[in-house]
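Student: Dropping the structure in here first, questions after.
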Amino acid sequence: MRPGLRDVTRGRILFGGDYNPEQWPEETWREDVRLMREAGVNAVTVGVFSWARLEPRPGAREFGWLDRLMDLLHEHGIGVVLATPTAAPPPWLGRLHPDTLPRTEDGRIEWWGGRQHFSHSSAAYRAHAAAITEALAARYADHPALTLWHINNEYCTADHGDEAAARFRRWLRARYGTLDALNTAWGTAFWSQGYDTWDGILPPRTPHHLRNPAQVLDFRRFTSDMLLECFTAERDIVTRHTPRVPVTTNFMPLFIGQDAWRWAEEEDVVSVDLYPDPRDPLGAQHGALVQDLTRSQARGPWMLMEQAAGRVDWRAVNHPRPRGLHRLWSFQAVARGADAVCHFQWRQSRQGAEKFHSGMLGHAGERGRTFQEIKRIGAELALIGGEVTGTRNHADIAILHDWHAWWASAQDSRPSARVDHPAVLHAWHRALWEAHLATDFAHPDHDLGGYRLVVVPQSYAMTDAAIDNLLGYVRAGGTLVCGFLTGVADQDDRIRPGGMDARLRELFGIDVLHEWWPLEEGESADCDGFRGTLWSEEIEAAEDATVEARYTGGELGGLPAVVRRDRAWYLSTLPEPDALRALLTRIAADAGARPVLAGLPARVEAVRRGELLFLLHHGRDPVTVDLPGPHTDLLTGDKLTGQITLGRYGVAVLRP
Amino acid sequence: MRPGLRDVTRGRILFGGDYNPEQWPEETWREDVRLMREAGVNAVTVGVFSWARLEPRPGAREFGWLDRLMDLLHEHGIGVVLATPTAAPPPWLGRLHPDTLPRTEDGRIEWWGGRQHFSHSSAAYRAHAAAITEALAARYADHPALTLWHINNEYCTADHGDEAAARFRRWLRARYGTLDALNTAWGTAFWSQGYDTWDGILPPRTPHHLRNPAQVLDFRRFTSDMLLECFTAERDIVTRHTPRVPVTTNFMPLFIGQDAWRWAEEEDVVSVDLYPDPRDPLGAQHGALVQDLTRSQARGPWMLMEQAAGRVDWRAVNHPRPRGLHRLWSFQAVARGADAVCHFQWRQSRQGAEKFHSGMLGHAGERGRTFQEIKRIGAELALIGGEVTGTRNHADIAILHDWHAWWASAQDSRPSARVDHPAVLHAWHRALWEAHLATDFAHPDHDLGGYRLVVVPQSYAMTDAAIDNLLGYVRAGGTLVCGFLTGVADQDDRIRPGGMDARLRELFGIDVLHEWWPLEEGESADCDGFRGTLWSEEIEAAEDATVEARYTGGELGGLPAVVRRDRAWYLSTLPEPDALRALLTRIAADAGARPVLAGLPARVEAVRRGELLFLLHHGRDPVTVDLPGPHTDLLTGDKLTGQITLGRYGVAVLRP
Amino acid sequence: MRPGLRDVTRGRILFGGDYNPEQWPEETWREDVRLMREAGVNAVTVGVFSWARLEPRPGAREFGWLDRLMDLLHEHGIGVVLATPTAAPPPWLGRLHPDTLPRTEDGRIEWWGGRQHFSHSSAAYRAHAAAITEALAARYADHPALTLWHINNEYCTADHGDEAAARFRRWLRARYGTLDALNTAWGTAFWSQGYDTWDGILPPRTPHHLRNPAQVLDFRRFTSDMLLECFTAERDIVTRHTPRVPVTTNFMPLFIGQDAWRWAEEEDVVSVDLYPDPRDPLGAQHGALVQDLTRSQARGPWMLMEQAAGRVDWRAVNHPRPRGLHRLWSFQAVARGADAVCHFQWRQSRQGAEKFHSGMLGHAGERGRTFQEIKRIGAELALIGGEVTGTRNHADIAILHDWHAWWASAQDSRPSARVDHPAVLHAWHRALWEAHLATDFAHPDHDLGGYRLVVVPQSYAMTDAAIDNLLGYVRAGGTLVCGFLTGVADQDDRIRPGGMDARLRELFGIDVLHEWWPLEEGESADCDGFRGTLWSEEIEAAEDATVEARYTGGELGGLPAVVRRDRAWYLSTLPEPDALRALLTRIAADAGARPVLAGLPARVEAVRRGELLFLLHHGRDPVTVDLPGPHTDLLTGDKLTGQITLGRYGVAVLRP
């Protein structure tokens, strides 16, 4: 059995961040470890961007500095999450092997001078990456500070160049076997795109007019798979050296470029980077969504690899985190399953492209407000680690999410460019989150039997197996709610007869789907008791279907808006937030799914993890929460009977 | 004499659409012909995107499937508009002949994977296109289903690459003879652009700062001419095989890339693709404009080659056509001279880049609302075909339009980027359309003697001959109304002395044109009795000119806004819609041009074609129209005396 | 000692413009000189875009036309500002030497067909430019019309190609000596960018993700330096031939691409092109800023090389100058130190990319309003030339501006993309301009001792020397006011410890700079008595600092907004215009700096130059100004006692 996060945490929540000591003189390292201890840091990620330092010239190896650093950290009781440095090749790699540089769909080269300028398909890149990984693993396999392997960083780079084209053809050959099968799957009969040789196939390079959507879809699959090959190649090297040290790579949150379900299966530890906007009124919900998704991929505790202690630098206007917010969001992650709360980065850079991205130790230094808050968080996480780590979250509701459905839908020439897959996902998750209904995420192929309710905000493209899975779930007594644009296409982005899968139409009681009526910005569709947004539909319900709501005006007046057959619901529009929350709350209640806590004040989030109840107050004015019986607050030691008062951005971790 | 549309229609309005059977198994073809007959389809366009199917490998010929299809269609009485497949070369052409791929002005290659990725200048493309055209024509010359040739599709692709550069030089050499003449015409004395050899001349590739406008203008002429060469080359091949079968290629509506006047002269049948936005309150007027323009180019009946039975897929939000609208707009085309009402496409695709573009038979299938409406339209067109086809429309008013004037004006570094040639054209046509004044379009070189009124919304660049033509027209008693930015430049985009041709200034009574005062978005210029938009001018009228309206405020207060000498009017601003309509209605009345019908309710359009009176109701609430005497409605058979009531999107075809 | 502007003016204000006679037949030249004399033109710039005319084929020399032109001008008493034609190489240069064409950071070639398509780094370009310059200088060294040399035109073109890369490496080697020094300065330890050979260094070509900011900064320095090398190479050639003829090149106003302080040191005459928007309510202030900056660079009188007599052609909507405005703005330049008032261009082009840019003699010709106004200006400038030329402006206040600070701040991934260096500069200058406080500009290394007040709107990156200079200035009794984001980084864009230089924090009384709180569009920060915009800060003042204003709401409520220690003020936000004006007026008064004139009506600007008092009325309604004693108006000859009334756009040049 592979090692996992439990082998690393052993009762402590990991607390720390990326540490890039290359940027600092060694005397600063001493100050760093002193301050890390002061802040309760017990793990740092080292080496993410060290390739040019470790291998300053092709084949050179300079490990001395890293030896000293690892020893120093170990000496101070700080574990090392050791990264392979392959996300940022040194300039010499591009110079000596221009074929390692990716090309965009427009044919532009992505040069060195930034980061992630490597082609996943380049044999030269792969060979050099393997060599430095091998050297790193061999050298530190037995180092006592070594805690976890961190492969590469935020894998994301596509490539449309010639070497990628060659690999794309091999990948397609493996997928389809014959050119006929490929021509059929891609629908090349349209627009005279039939391929007569494999050599004629290219990545989707910018054409005169519109790309083949199935080609784009497969190219996304290919890109995710090639990046995964890069990951597993490095993983296999390090696990050969250290079979007992778990391996991770850090996802970007809800990032379009990787099928994270599939990637998670190849990791020992699932980790994610999370940067909600402190100005976004729904920033906390975005955090909750990413946390729910990551936990579901990890099937248990997970690692928050990167967050910002303060400002980021990539928004147009980058706001700091107001006092208390960083603590609140850190505990939110723990509440939703994180056993590691880490940051990019420990010490804020003075130079380079990210010097305005905050650090745990910012430019203001020790006396800065940010570092003062970090110290408090470190101390508090230490208080609760023993009771939290390894425990699990439970949910009665699953939200379906599938990267392939997203990829198929995120294309040009669609019914409405306003329909954005992750935005729809957020809207549905928000409704459940605001209703304090705990949610997991699930893949369409997962066993859904354990859930009382499954919601499908949107799953444009579905395999037959996925449809069968949903049908079986409902047949077995489950309750299902689907949003529009679900089951429209198959896995090749081929529209299913009738414009929506016939079995699904039968399930929901839709007889004919006449037309989609997407809505303009600012436009809404009046329905019985609520307003629909974004989308509406001209459908004809089956005679025995139940029409739960109708459109009440305009061209669709009188036609069904929400229709169901028994426990299978279909929403042909996106109800406004309050209406969607009310509807899902009602359906969830009927299905037996209850909120974590009833009667909560606005902006207070309640999460159960294991035996513990987390209360998270996302507002600034004090509120009082009624508790279900006596609890002890692990952070204060207070024994509470009926109530607790939470101040600005207040947090309580309650043991019954 | 060349054959024409009359040889094809023979008393029937052509009704059908593009049919791409390559996308479907042959069993679906049987269903298709059954439903075509049910819908009254009598002609389909075949082969537009079949090159890769007909010639799957270089030199291969696979006609068997097309033989079977043509036979099947013929057997069911459905004529075939047979397309040469040259708009979408197979992947092997680009692979074996990279020089067939166009380059943008930025040097980017336009790859295969979409469509229209061919360079008009590529010798390899032309040779391969000729070969497949030859083979197609030879094979089906005697097929009884063959009705009309359809060459290529929506010609539009420019090329800035090296082979295009070589052809551009040859084209320029033919136009100018000497480098001196070219240097003079292009004004290369400015910015040191004098060419010392023909080899130094390039297509306008992106420079550091601004392009030579005369070079851009000639490149547009060249592009139109090269595409036309591609058309005539294929036309000549098919007419050699089938001298009695007429030939067309489908225009895009008011498309900037082709001088459609010149192209129309090379066609036997003029056809156009028309996609008004169903949400645009002026969608019907846009349709009317394109129909008037196409009819004028055809000098009689024309073919609506493509329209959408429902949604398109290339707008940001793509709305379906509400119930009845497609019928209304189909009859509008017939009213304005169409003898063929066709669609893209018959059966909506399940795959490919355009699968969300509606079909006559949509994803919803036979029971779908769209197909039900199609059947009604087919049946009704059959009712009126005998009385309509071949008849002509009459207009007393001509609107001047010239692609070269548009090309010269659509450039960078102009007085105002807000002045958009087609938008100005639309504004003027709208005024006449809303006043129920029937309009033709005319080229500046046309004989205008048959019109009571000629309007020139804007003709920035004019040849001496065109100016003489206008002067002669007025001298002979015609009434002329011109908008601003007319006669400013000559055919080389050389500003005429005084900033506007002296003869035109003399004609209108303008003594000095001091300054143009373009207006900002949201800004207007107050005038006597109306507000001007978009533009205003500081002009000095001649003493004997009549100032019909003055500016009443701002810097121009008191200066002439509308000036005329006798029957020659000049508008130095664009009056708001109501004011422009009132002004043109008054001038038209003075010139003896009358509305089709007086006293029409709002949103009802009246069009006379031959003896018939078409009434088209663009609103949703029933209206009653007073008729000039008794009529019979050909659609219902009703005999009407004084009135007719039109329901939602109602249509009546009335015979006196 | 080098010659200067005084050697050219000799008691006359130069009045004229660019003259491009290549565009016109020689008979037009005769008309031109007649009208020039009529308009009082005494100098024209010739040859800016004549390369292809002078050297139509490589090595050819055609000077005959220019001989005739120079003689003609001389014969009519018009001096020639003779330009080297190197800003617009002929097509043959790019054709024969493709390496002379620049490349963008995306790798795109900038082709001929426009202008400025030369690489500063191309050896071939430099050689050809030197040769034509040599020939020109040799031929006209002794021509009596030769007045001033004008090198190239609006130097601006960057290059990211291979030849530029090679020069960039040489430049870096000269700057840093060793690769270690470069790696340190660029912070290449971040993101694994350490260079192992000089050959690995490139211009900042578009990467996958973010560029190295120090590389971008150095590339800007390099580009400015290479363009300056091109300038000095040509300057050295012409001064070898004509040691007594001064040399200039025309700057664009506040253009980011050149360190104009450094360039000015290499010029004999400092000249600038100035095109305020006639619709911009602050157009006159923009003019004043550019004039103050140019005068400061020139350390005395300067040359307005280009302005538009009417419309430009590069805005979206290009407005003419309303009657009187051009005169007003021309006198504003003289008031602020211009001894030359010139235009682009004399006669408006009929062809080419700039034919819609106005001329002194527009398309409307002699009778046009524009030319009538030009004649008036020419006559009036002649009236005052003797009393104005050579005199100086005095200011008690200096505004600090440094291109390197701008370059360092104008990058991606900053705290706020809304903070725009020149916009902040404009906001501060506006406050002083509206308060009628005369201002110079100064470089951070300049001796500031002569000023009563120094303001630093923003100087993000500062050298130690610059900081020492400010400290010394305050120590010596000066008053200093700094805006936020000042002293944040050093010359390598390396953040100074604490997020702001410690000596500056000490100077202003800032103990800890916790966080920057940039403000969103439309957001403001309430402070005692005013509202802050754009930016706010969480700072902790030192105990002995004076908090002049506090934030009064939001997260920063109660914290210092404006803090000072003695005469050193720090503004952590940008007060709204009225508040900034009031604050600076108060500080200036305390420092002993007084407005030019007290009690001026709104929109009247007063400027002193030498003994003269210029009054400039930027409004359209007449106003009366109280005068400090009797004056004579040089334009009218009127002797004024207590008052003067200024009409629409009125100007008075008053001698006490």
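How things are named: the first chain in the structure tokens is A, the next is B, and so on; residues count from 1 in each chain; ligands count from 1 in the order shown.
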May I ask you to extract the residues of chain B within 8 Å of chain A, using only C-alpha atoms, and to give them as an MDAnalysis selection string?

Tutor: chainID B and resid 20 22:23 49:53 56:57 88:92 95 108:117 157 312:320 322 350:356 363:365 367:370

Student: Let's have the selection written as a compact mmCIF listing (two decimals), in the first residue's frame, with N, CA and C atoms.

Tutor:
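Result file is result02.txt:
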# COMPACT_ATOMS: atom_id res chain seq x y z
N ASN B 20 -25.92 17.84 -46.65
CA ASN B 20 -24.59 17.27 -46.50
C ASN B 20 -24.70 15.80 -46.09
N GLU B 22 -22.94 13.34 -46.52
CA GLU B 22 -21.74 12.66 -46.05
C GLU B 22 -21.78 12.41 -44.56
N GLN B 23 -22.54 13.25 -43.86
CA GLN B 23 -22.55 13.15 -42.40
C GLN B 23 -23.44 12.03 -41.88
N PHE B 49 -19.07 20.71 -49.13
CA PHE B 49 -17.90 20.33 -48.31
C PHE B 49 -17.51 18.87 -48.54
N SER B 50 -17.54 18.46 -49.79
CA SER B 50 -17.33 17.03 -50.09
C SER B 50 -15.97 16.70 -50.65
N TRP B 51 -15.07 17.66 -50.72
CA TRP B 51 -13.81 17.39 -51.42
C TRP B 51 -13.10 16.16 -50.84
N ALA B 52 -12.98 16.11 -49.52
CA ALA B 52 -12.25 14.99 -48.92
C ALA B 52 -12.99 13.67 -49.13
N ARG B 53 -14.29 13.73 -49.34
CA ARG B 53 -15.03 12.51 -49.60
C ARG B 53 -14.89 12.10 -51.06
N PRO B 56 -10.42 11.42 -51.49
CA PRO B 56 -9.89 11.20 -50.14
C PRO B 56 -8.36 11.17 -50.11
N ARG B 57 -7.76 10.84 -51.21
CA ARG B 57 -6.31 10.91 -51.36
C ARG B 57 -6.02 11.66 -52.65
N ALA B 88 -13.27 24.06 -49.12
CA ALA B 88 -12.70 23.36 -47.97
C ALA B 88 -11.80 22.23 -48.45
N PRO B 89 -10.55 22.59 -48.77
CA PRO B 89 -9.63 21.54 -49.24
C PRO B 89 -9.38 20.49 -48.17
N PRO B 90 -9.14 19.27 -48.59
CA PRO B 90 -8.85 18.20 -47.63
C PRO B 90 -7.51 18.45 -46.95
N PRO B 91 -7.32 17.85 -45.77
CA PRO B 91 -6.04 18.02 -45.08
C PRO B 91 -4.82 17.68 -45.94
N TRP B 92 -4.95 16.73 -46.83
CA TRP B 92 -3.77 16.36 -47.61
C TRP B 92 -3.27 17.51 -48.48
N ARG B 95 -1.06 19.58 -46.32
CA ARG B 95 0.10 18.79 -45.91
C ARG B 95 1.11 18.68 -47.06
N ARG B 108 0.90 34.95 -39.70
CA ARG B 108 0.41 33.69 -39.15
C ARG B 108 -0.18 32.83 -40.26
N ILE B 109 0.10 31.53 -40.22
CA ILE B 109 -0.49 30.59 -41.17
C ILE B 109 -1.91 30.26 -40.73
N GLU B 110 -2.81 30.17 -41.69
CA GLU B 110 -4.16 29.68 -41.40
C GLU B 110 -4.20 28.19 -41.77
N TRP B 111 -4.23 27.36 -40.75
CA TRP B 111 -4.05 25.93 -40.92
C TRP B 111 -5.34 25.24 -41.34
N TRP B 112 -5.20 24.03 -41.84
CA TRP B 112 -6.40 23.22 -42.03
C TRP B 112 -6.95 22.82 -40.66
N GLY B 113 -8.18 22.34 -40.67
CA GLY B 113 -8.85 22.04 -39.41
C GLY B 113 -10.12 22.87 -39.29
N GLY B 114 -10.25 23.88 -40.17
CA GLY B 114 -11.48 24.66 -40.23
C GLY B 114 -12.00 24.59 -41.66
N ARG B 115 -12.18 25.73 -42.29
CA ARG B 115 -12.56 25.75 -43.70
C ARG B 115 -11.97 27.02 -44.33
N GLN B 116 -12.04 27.10 -45.65
CA GLN B 116 -11.59 28.29 -46.40
C GLN B 116 -10.11 28.60 -46.19
N HIS B 117 -9.37 27.56 -45.91
CA HIS B 117 -7.94 27.71 -45.68
C HIS B 117 -7.20 27.51 -46.99
N THR B 157 -11.35 34.51 -48.35
CA THR B 157 -10.05 34.43 -47.71
C THR B 157 -8.99 35.28 -48.40
N VAL B 312 -28.68 30.60 -35.28
CA VAL B 312 -27.32 30.43 -35.80
C VAL B 312 -26.41 30.13 -34.60
N ASP B 313 -25.13 30.02 -34.86
CA ASP B 313 -24.23 29.62 -33.76
C ASP B 313 -23.04 30.57 -33.61
N TRP B 314 -23.06 31.68 -34.30
CA TRP B 314 -21.85 32.52 -34.31
C TRP B 314 -22.06 33.85 -33.59
N ARG B 315 -23.26 34.09 -33.09
CA ARG B 315 -23.41 35.26 -32.23
C ARG B 315 -23.02 34.88 -30.81
N ALA B 316 -22.85 35.87 -29.95
CA ALA B 316 -22.51 35.54 -28.57
C ALA B 316 -23.65 34.76 -27.92
N VAL B 317 -24.87 35.26 -28.11
CA VAL B 317 -26.06 34.55 -27.62
C VAL B 317 -26.94 34.33 -28.85
N ASN B 318 -27.24 33.08 -29.12
CA ASN B 318 -27.93 32.73 -30.35
C ASN B 318 -29.38 32.37 -30.07
N HIS B 319 -30.27 33.27 -30.49
CA HIS B 319 -31.69 33.09 -30.22
C HIS B 319 -32.36 32.32 -31.36
N PRO B 320 -33.34 31.52 -31.03
CA PRO B 320 -34.14 30.87 -32.08
C PRO B 320 -35.06 31.90 -32.72
N PRO B 322 -38.67 33.09 -33.16
CA PRO B 322 -39.97 32.84 -32.53
C PRO B 322 -40.97 32.31 -33.57
N ARG B 350 -24.91 16.75 -36.34
CA ARG B 350 -24.70 16.26 -34.97
C ARG B 350 -23.26 16.49 -34.54
N GLN B 351 -22.38 16.73 -35.50
CA GLN B 351 -20.97 16.88 -35.19
C GLN B 351 -20.42 18.08 -35.96
N GLY B 352 -19.22 18.48 -35.58
CA GLY B 352 -18.54 19.52 -36.33
C GLY B 352 -18.79 20.90 -35.79
N ALA B 353 -18.16 21.86 -36.44
CA ALA B 353 -18.11 23.22 -35.93
C ALA B 353 -19.46 23.92 -35.97
N GLU B 354 -20.40 23.41 -36.78
CA GLU B 354 -21.66 24.14 -36.92
C GLU B 354 -22.86 23.32 -36.46
N LYS B 355 -22.65 22.43 -35.53
CA LYS B 355 -23.77 21.57 -35.14
C LYS B 355 -24.83 22.32 -34.34
N PHE B 356 -24.50 23.51 -33.87
CA PHE B 356 -25.52 24.30 -33.17
C PHE B 356 -26.21 25.30 -34.08
N HIS B 363 -32.43 19.22 -34.41
CA HIS B 363 -32.14 18.10 -33.51
C HIS B 363 -33.44 17.54 -32.94
N ALA B 364 -34.46 18.37 -32.82
CA ALA B 364 -35.73 17.91 -32.25
C ALA B 364 -36.47 16.98 -33.21
N GLY B 365 -36.07 17.01 -34.48
CA GLY B 365 -36.64 16.06 -35.45
C GLY B 365 -37.99 16.48 -35.98
N ARG B 367 -40.99 16.14 -35.06
CA ARG B 367 -42.00 16.72 -34.19
C ARG B 367 -41.63 18.12 -33.72
N GLY B 368 -40.42 18.50 -33.99
CA GLY B 368 -39.95 19.82 -33.55
C GLY B 368 -40.76 20.93 -34.22
N ARG B 369 -40.91 22.04 -33.49
CA ARG B 369 -41.66 23.16 -34.02
C ARG B 369 -41.08 23.66 -35.32
N THR B 370 -39.75 23.70 -35.40
CA THR B 370 -39.11 24.24 -36.59
C THR B 370 -39.55 23.49 -37.85

Student: Taking the backbone alone, and naming residues the way the document does, which bits of segment 101-167 of chain A are strand (DSSP E or B) by DSSP, as a tab-separated table (two decimals) with N, CA, C and O atoms, in the first residue's frame?

Tutor:
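Okay, states.tsv is ready:
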chain	number	residue	atom	x	y	z
A	103	ARG	N	4.85	25.81	-28.23
A	103	ARG	CA	4.28	26.75	-29.20
A	103	ARG	C	2.78	26.88	-28.95
A	103	ARG	O	2.09	25.91	-28.68
A	109	ILE	N	6.35	30.98	-30.21
A	109	ILE	CA	7.17	30.26	-29.23
A	109	ILE	C	6.98	30.88	-27.85
A	109	ILE	O	6.91	32.10	-27.72
A	111	TRP	N	9.02	31.58	-24.81
A	111	TRP	CA	10.45	31.63	-24.52
A	111	TRP	C	10.74	31.47	-23.04
A	111	TRP	O	9.88	31.70	-22.19
A	146	LEU	N	13.22	14.79	4.87
A	146	LEU	CA	12.35	14.54	3.72
A	146	LEU	C	10.99	14.02	4.18
A	146	LEU	O	10.89	12.98	4.82
A	147	THR	N	9.95	14.71	3.81
A	147	THR	CA	8.61	14.47	4.34
A	147	THR	C	7.66	14.03	3.24
A	147	THR	O	6.85	13.13	3.42
A	148	LEU	N	7.76	14.67	2.11
A	148	LEU	CA	6.79	14.50	1.02
A	148	LEU	C	7.49	14.94	-0.26
A	148	LEU	O	8.28	15.88	-0.23
A	149	TRP	N	7.16	14.25	-1.36
A	149	TRP	CA	7.66	14.70	-2.66
A	149	TRP	C	6.61	15.58	-3.34
A	149	TRP	O	5.42	15.23	-3.35
A	150	HIS	N	7.09	16.63	-3.92
A	150	HIS	CA	6.24	17.60	-4.62
A	150	HIS	C	6.78	17.62	-6.05
A	150	HIS	O	7.88	18.10	-6.31

Student: Considering only C-alpha atoms, return as a compact mmCIF listing (two decimals) with N, CA and C atoms, in the first residue's frame whatever protein or nucleic-acid residues lie within 9 Å of segment 439-450 of chain C, sequence-local ones (same chain, fewer than 3 positions apart) excluded.

Tutor:
# COMPACT_ATOMS: atom_id res chain seq x y z
N TRP C 261 15.86 62.95 -20.03
CA TRP C 261 16.89 63.71 -19.32
C TRP C 261 18.25 63.46 -19.94
N LEU C 289 2.21 70.83 -18.70
CA LEU C 289 3.11 69.84 -18.12
C LEU C 289 4.25 69.52 -19.09
N ASP C 292 6.57 72.48 -19.30
CA ASP C 292 7.42 72.61 -18.12
C ASP C 292 8.54 71.57 -18.15
N LEU C 293 8.17 70.35 -18.54
CA LEU C 293 9.15 69.26 -18.57
C LEU C 293 10.21 69.53 -19.64
N THR C 294 9.77 69.94 -20.81
CA THR C 294 10.70 70.18 -21.90
C THR C 294 11.64 71.34 -21.57
N ARG C 295 11.07 72.40 -21.01
CA ARG C 295 11.90 73.55 -20.64
C ARG C 295 12.94 73.13 -19.60
N SER C 296 12.52 72.27 -18.66
CA SER C 296 13.46 71.84 -17.62
C SER C 296 14.58 71.00 -18.24
N GLN C 297 14.22 70.18 -19.21
CA GLN C 297 15.26 69.39 -19.88
C GLN C 297 16.20 70.29 -20.67
N ASN C 393 12.09 81.33 -17.64
CA ASN C 393 11.03 81.20 -16.66
C ASN C 393 11.64 80.84 -15.31
N HIS C 394 10.98 81.28 -14.28
CA HIS C 394 11.45 80.96 -12.94
C HIS C 394 10.39 80.18 -12.18
N ALA C 395 10.83 79.21 -11.39
CA ALA C 395 9.88 78.44 -10.57
C ALA C 395 10.50 78.17 -9.21
N ASP C 396 9.68 78.22 -8.18
CA ASP C 396 10.12 77.88 -6.83
C ASP C 396 9.88 76.42 -6.49
N ILE C 397 9.18 75.77 -7.36
CA ILE C 397 8.77 74.39 -7.07
C ILE C 397 9.31 73.47 -8.15
N ALA C 398 9.83 72.33 -7.70
CA ALA C 398 10.28 71.32 -8.66
C ALA C 398 9.47 70.04 -8.45
N ILE C 399 9.09 69.45 -9.58
CA ILE C 399 8.43 68.13 -9.55
C ILE C 399 9.46 67.10 -10.00
N LEU C 400 9.64 66.09 -9.19
CA LEU C 400 10.63 65.07 -9.54
C LEU C 400 10.07 64.09 -10.56
N HIS C 401 10.83 63.82 -11.58
CA HIS C 401 10.43 62.81 -12.57
C HIS C 401 11.66 62.08 -13.07
N ASP C 402 11.52 60.76 -13.13
CA ASP C 402 12.65 59.93 -13.54
C ASP C 402 12.12 58.78 -14.40
N HIS C 429 0.74 67.62 -10.97
CA HIS C 429 1.01 68.84 -11.74
C HIS C 429 -0.26 69.67 -11.86
N LEU C 432 -0.90 71.88 -8.88
CA LEU C 432 -0.04 73.06 -8.84
C LEU C 432 -0.41 74.05 -9.94
N TRP C 433 -0.75 73.49 -11.09
CA TRP C 433 -1.10 74.35 -12.23
C TRP C 433 -2.38 75.12 -11.94
N LEU C 453 10.29 74.24 -2.69
CA LEU C 453 9.46 73.05 -2.48
C LEU C 453 9.78 72.03 -3.57
N VAL C 454 9.94 70.77 -3.15
CA VAL C 454 10.10 69.68 -4.11
C VAL C 454 8.96 68.71 -3.88
N MET C 462 14.27 54.07 -6.71
CA MET C 462 15.22 55.17 -6.53
C MET C 462 16.60 54.60 -6.18
N THR C 463 17.61 55.23 -6.67
CA THR C 463 18.97 54.85 -6.29
C THR C 463 19.27 55.40 -4.88
N ALA C 465 21.73 57.21 -4.21
CA ALA C 465 22.15 58.60 -4.41
C ALA C 465 20.95 59.54 -4.46
N ALA C 466 19.91 59.09 -5.12
CA ALA C 466 18.71 59.92 -5.23
C ALA C 466 18.08 60.12 -3.85
N ILE C 467 18.06 59.06 -3.07
CA ILE C 467 17.50 59.19 -1.72
C ILE C 467 18.36 60.14 -0.89
N ASN C 469 20.07 62.52 -1.96
CA ASN C 469 19.84 63.86 -2.49
C ASN C 469 18.60 64.49 -1.84
N LEU C 470 17.54 63.70 -1.75
CA LEU C 470 16.32 64.21 -1.11
C LEU C 470 16.56 64.51 0.36
N TYR C 473 18.47 67.62 0.74
CA TYR C 473 17.64 68.78 0.41
C TYR C 473 16.80 69.19 1.62
N ALA C 476 18.86 70.60 4.39
CA ALA C 476 19.30 71.97 4.12
C ALA C 476 18.15 72.97 4.18
N GLY C 477 16.97 72.51 4.61
CA GLY C 477 15.89 73.47 4.81
C GLY C 477 14.77 73.38 3.78
N GLY C 478 14.89 72.48 2.85
CA GLY C 478 13.86 72.37 1.83
C GLY C 478 12.62 71.67 2.35

Student: Need to verify the contact set: Glu576 of chain A, 8 Å, only C-alpha atoms, exclusion of same-chain residues closer than 6 positions in sequence. Can you return it as a list in words?

Tutor: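 What passes the distance filter is Phe530, Arg531, Gly532 and Thr533 of chain A.
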